[in-house]
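One structure is given here, and the rest of the page talks about it.
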Amino acid sequence: MILLLLPPLIFFTYMYMLSKKPKHSIIRAHPFLGWLRYLLEKLGPEFRQYWFDNDTDGRPFSRNDFVGLVFAAKYRTDLISFGGKRDYEKPGYYLSNAMFPKLTGELRVDNSNTVPAKKYIIKSEGVFTRKEKLIDDHVRQWLLTDEDAIIVGQHRRQPWRLKGMFGASATSYGAVGENYIQSTGSGARMAGGSWINTGEGGVADIHLESGADIVAQIGPGMFGYRDDAGNFSIEEFKEKASQEAIKAFELKFHQGAKIRGGHLEGSKVNEKIAAARRVPVGKTVNSPNRFESLTNPEEALRFISELQEAGGKPVGIKIVVGDPQRLEPLFRTMIELDIFPDFITVDGSEGGSGATFKAMADSMGLPLYAALIILDDTARRFGVRDRFRIFASGKLITPDKVAIAMALGADCVNSARGFMMANGCIMALQCHTGKCPTGITTTDSKYQEALAPEEKQWRVMNYIIQLREGLFALSAACGLTTPRELRREHVVFTSESGQTIRIAEMFPYPEKMQSNR
């Protein structure tokens, strides 16, 4: 009896004494129930994700969205049984199907080449196990034709010609690890027509080694483009512009859900990250929420022009839209100076894979669809919509969401978390800790071992190609021969009462202003 009772007695006595040390009232007043409460609170996110959340209710992505993406990446299929799980009584956007859709043979699509690929097949599935096999096969790429190719920076010495319309959004080296960059870059290269954005952490060797087309982002901290004093270095910029793999540069003015300066803990700044960012090893680095020397539209546009001339490659900007009036001074200055960015990336407030303040994520900036319409309308009113391309980002991980974004004004679409989930992300919500259990948002070698680039690269490739195939299928259902033809008249909005209106009627394309001054 002594041996049976003594260990529990010692344990509970120790826990009781321990409960008197912290200042938290619940633990001090109710030591044992208090500890149990915190244990359940710690396990709460996992219980909700796997057991209690409805398939369509999870945030930031539902279980339904997550599983659909995983099946596209692993098995290259998005087939479902017994109907969709969307709540059709809620208001939302829908694509308008044509009475006589296009046949596959009528599409303007480049499927002239098939490329080597790998995908999983399910051999058997039980209650607790699923036996899978990774097989070799070939796949069509579902690219745009030459006539529909998207030209970014048509007036540059080295324009960027895109035959895909979906790529990986900005994720900085340091926020994500080498294995993620390698698998994502390799998958984008093998899919063809896609790209990866470096984020503001600079261009690392692993970006170039992946062989992917690269959009090199320049943030307010000038990481990777600075001299020893931390000032912008045109020589560093020219050296990056000489790299064949770098197709364009993006100045990060804003980021969805994170309209503030970036932050990277010194514990993450190893030698490789320090070399890419051109900062000291082990030093915590922060970037301001604005380029220090750019205080108005004229200064920003003249800096863009300087980079366009020095590098000879497209230079764009990344913004979050607040309201139409905030955009107008920028557009007026574009016309006055005859200086235009080669592309504008509009990031919705719902975007953002990095850590941020909750209040900023919840309330700062407009959601993507509203922002897209405002940006497209403003460009049309000023008569300059043809002077730049629009990239959209913000929870666009499925073909239908991408199709709607393109109909509302986007030429191309970026995704960050979609590519993370294709790499194995389980939405553990540990991105900011550096202890990502799937080896994505970490530079710790121990955690990075979880991500095997030689396997995950095929999932990334499958995800890109499956999304493009779905996008062409949706276009055909709308009676179109290519996704490039999607317009506002192909999207309808249904209210809670069942009233339906076309977006082209809700937000008609504006007339060009008579005077832009």
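Letters A, B, ... go to the chains of the structure tokens in the order shown; residues in each chain start at 1; ligands are counted from 1 in the same order.
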Report as a Markdown table the residues of segment 70-138 of chain A within 10 Å of segment 191-196 of chain A, each with its shortest atom pair and distance in Å (one decimal), using only C-alpha atoms, ordered by chain and increasing residue number.
```
| residue | atom | partner | partner_atom | distance |
| --- | --- | --- | --- | --- |
| A:Val115 | CA | A:Ala191 | CA | 8.2 |
| A:Pro116 | CA | A:Ala191 | CA | 9.7 |
| A:Ala117 | CA | A:Ala191 | CA | 9.1 |
```
Could you dump the residues just selected with C-alpha atoms as a tab-separated table (two decimals), in the first residue's frame?
```
chain	number	residue	atom	x	y	z
A	115	VAL	CA	6.78	16.07	-68.77
A	116	PRO	CA	7.98	13.40	-66.32
A	117	ALA	CA	6.09	13.43	-63.04
```
Fill in: Polymer residues at most 9 Å from Pro159 of chain A, only C-alpha atoms, same-chain spacing of 5 or more positions, as an MDAnalysis selection string
chainID A and resid 151:154 247:248 312:314
Hey, can you spit out that residue selection with all heavy atoms as a PDB file, in the first residue's frame?
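Contents of again06.pdb, freshly written:
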```pdb
ATOM      1  N   ILE A 151       2.996  39.122 -70.753  1.00  0.00           N
ATOM      2  CA  ILE A 151       4.272  39.822 -70.849  1.00  0.00           C
ATOM      3  C   ILE A 151       4.345  40.848 -69.727  1.00  0.00           C
ATOM      4  O   ILE A 151       3.544  41.781 -69.655  1.00  0.00           O
ATOM      5  CB  ILE A 151       4.440  40.529 -72.212  1.00  0.00           C
ATOM      6  CG1 ILE A 151       4.175  39.550 -73.358  1.00  0.00           C
ATOM      7  CG2 ILE A 151       5.843  41.124 -72.325  1.00  0.00           C
ATOM      8  CD1 ILE A 151       5.068  38.344 -73.378  1.00  0.00           C
ATOM      9  N   VAL A 152       5.313  40.666 -68.843  1.00  0.00           N
ATOM     10  CA  VAL A 152       5.538  41.596 -67.731  1.00  0.00           C
ATOM     11  C   VAL A 152       6.757  42.447 -68.080  1.00  0.00           C
ATOM     12  O   VAL A 152       7.837  41.919 -68.323  1.00  0.00           O
ATOM     13  CB  VAL A 152       5.771  40.840 -66.409  1.00  0.00           C
ATOM     14  CG1 VAL A 152       5.939  41.830 -65.256  1.00  0.00           C
ATOM     15  CG2 VAL A 152       4.620  39.870 -66.128  1.00  0.00           C
ATOM     16  N   GLY A 153       6.577  43.746 -68.102  1.00  0.00           N
ATOM     17  CA  GLY A 153       7.686  44.633 -68.449  1.00  0.00           C
ATOM     18  C   GLY A 153       7.962  44.663 -69.937  1.00  0.00           C
ATOM     19  O   GLY A 153       9.104  44.511 -70.368  1.00  0.00           O
ATOM     20  N   GLN A 154       6.929  44.902 -70.712  1.00  0.00           N
ATOM     21  CA  GLN A 154       7.068  44.849 -72.168  1.00  0.00           C
ATOM     22  C   GLN A 154       8.044  45.894 -72.702  1.00  0.00           C
ATOM     23  O   GLN A 154       8.577  45.749 -73.800  1.00  0.00           O
ATOM     24  CB  GLN A 154       5.699  45.035 -72.823  1.00  0.00           C
ATOM     25  CG  GLN A 154       4.984  46.319 -72.439  1.00  0.00           C
ATOM     26  CD  GLN A 154       3.586  46.406 -73.028  1.00  0.00           C
ATOM     27  OE1 GLN A 154       3.308  45.818 -74.065  1.00  0.00           O
ATOM     28  NE2 GLN A 154       2.692  47.143 -72.367  1.00  0.00           N
ATOM     29  N   LYS A 247      13.893  37.062 -62.872  1.00  0.00           N
ATOM     30  CA  LYS A 247      13.095  37.598 -63.979  1.00  0.00           C
ATOM     31  C   LYS A 247      12.512  38.973 -63.686  1.00  0.00           C
ATOM     32  O   LYS A 247      12.180  39.713 -64.621  1.00  0.00           O
ATOM     33  CB  LYS A 247      11.950  36.636 -64.306  1.00  0.00           C
ATOM     34  CG  LYS A 247      12.401  35.220 -64.649  1.00  0.00           C
ATOM     35  CD  LYS A 247      13.334  35.203 -65.862  1.00  0.00           C
ATOM     36  CE  LYS A 247      13.741  33.788 -66.224  1.00  0.00           C
ATOM     37  NZ  LYS A 247      14.691  33.759 -67.364  1.00  0.00           N
ATOM     38  N   ALA A 248      12.344  39.325 -62.414  1.00  0.00           N
ATOM     39  CA  ALA A 248      11.721  40.597 -62.063  1.00  0.00           C
ATOM     40  C   ALA A 248      12.059  40.943 -60.625  1.00  0.00           C
ATOM     41  O   ALA A 248      12.479  40.082 -59.837  1.00  0.00           O
ATOM     42  CB  ALA A 248      10.205  40.528 -62.260  1.00  0.00           C
ATOM     43  N   GLY A 312      17.408  46.624 -66.300  1.00  0.00           N
ATOM     44  CA  GLY A 312      16.854  46.212 -67.581  1.00  0.00           C
ATOM     45  C   GLY A 312      15.758  45.169 -67.472  1.00  0.00           C
ATOM     46  O   GLY A 312      15.313  44.612 -68.476  1.00  0.00           O
ATOM     47  N   LYS A 313      15.292  44.907 -66.248  1.00  0.00           N
ATOM     48  CA  LYS A 313      14.268  43.891 -66.016  1.00  0.00           C
ATOM     49  C   LYS A 313      13.043  44.526 -65.367  1.00  0.00           C
ATOM     50  O   LYS A 313      13.118  45.634 -64.820  1.00  0.00           O
ATOM     51  CB  LYS A 313      14.826  42.765 -65.145  1.00  0.00           C
ATOM     52  CG  LYS A 313      15.900  41.940 -65.848  1.00  0.00           C
ATOM     53  CD  LYS A 313      16.384  40.766 -65.013  1.00  0.00           C
ATOM     54  CE  LYS A 313      17.366  39.897 -65.806  1.00  0.00           C
ATOM     55  NZ  LYS A 313      17.861  38.740 -65.029  1.00  0.00           N
ATOM     56  N   PRO A 314      11.898  43.854 -65.412  1.00  0.00           N
ATOM     57  CA  PRO A 314      10.675  44.418 -64.825  1.00  0.00           C
ATOM     58  C   PRO A 314      10.835  44.721 -63.335  1.00  0.00           C
ATOM     59  O   PRO A 314      11.462  43.955 -62.587  1.00  0.00           O
ATOM     60  CB  PRO A 314       9.631  43.325 -65.046  1.00  0.00           C
ATOM     61  CG  PRO A 314      10.165  42.509 -66.188  1.00  0.00           C
ATOM     62  CD  PRO A 314      11.647  42.546 -66.051  1.00  0.00           C
TER      63      PRO A 314
END
```
Discussion item. Report, in Å with one decimal, the straight-line distance from atom CA of Ile122 of chain A to atom CA of Glu455 of chain A.
Written reply: 16.5 Å
Practice prompt. Considering only C-alpha atoms, return as a PyMOL selection string whatever protein or nucleic-acid residues lie within 9 Å of Gly282 of chain A, sequence-local ones (same chain, fewer than 3 positions apart) excluded.
Written response: chain A and resi 265-271+274+279
Worksheet item: Leaving out Asn179 of chain A and any residue of its chain fewer than 6 positions from it, which residues lie within 8 Å of it when counting only C-alpha atoms, given as a VMD selection string?
Response: chain A and resid 439 to 440 448 451 to 453
Worksheet, complete the sentence: Ile397 of chain A proximity check over A:Ala504, A:Leu337, A:Ala73, A:Ile273, using only C-alpha atoms: winner is A:Ala73
Fill in: Which of segment 46-85 of chain A DSSP labels helix (DSSP H, G or I), written as a count of residues only
20
Worksheet item: What is the atom CA of Asp411 of chain A-atom CA of Pro101 of chain A distance in Å, reported with one decimal?
Response: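 Those two atoms sit 22.4 Å apart.
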Worksheet entry | For Phe507 of chain A, the nearest of the candidates A:Val281, A:Ile317, A:Ala276, A:Val492, counting only C-alpha atoms |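 Under the stated criterion, the closest residue is A:Val492.
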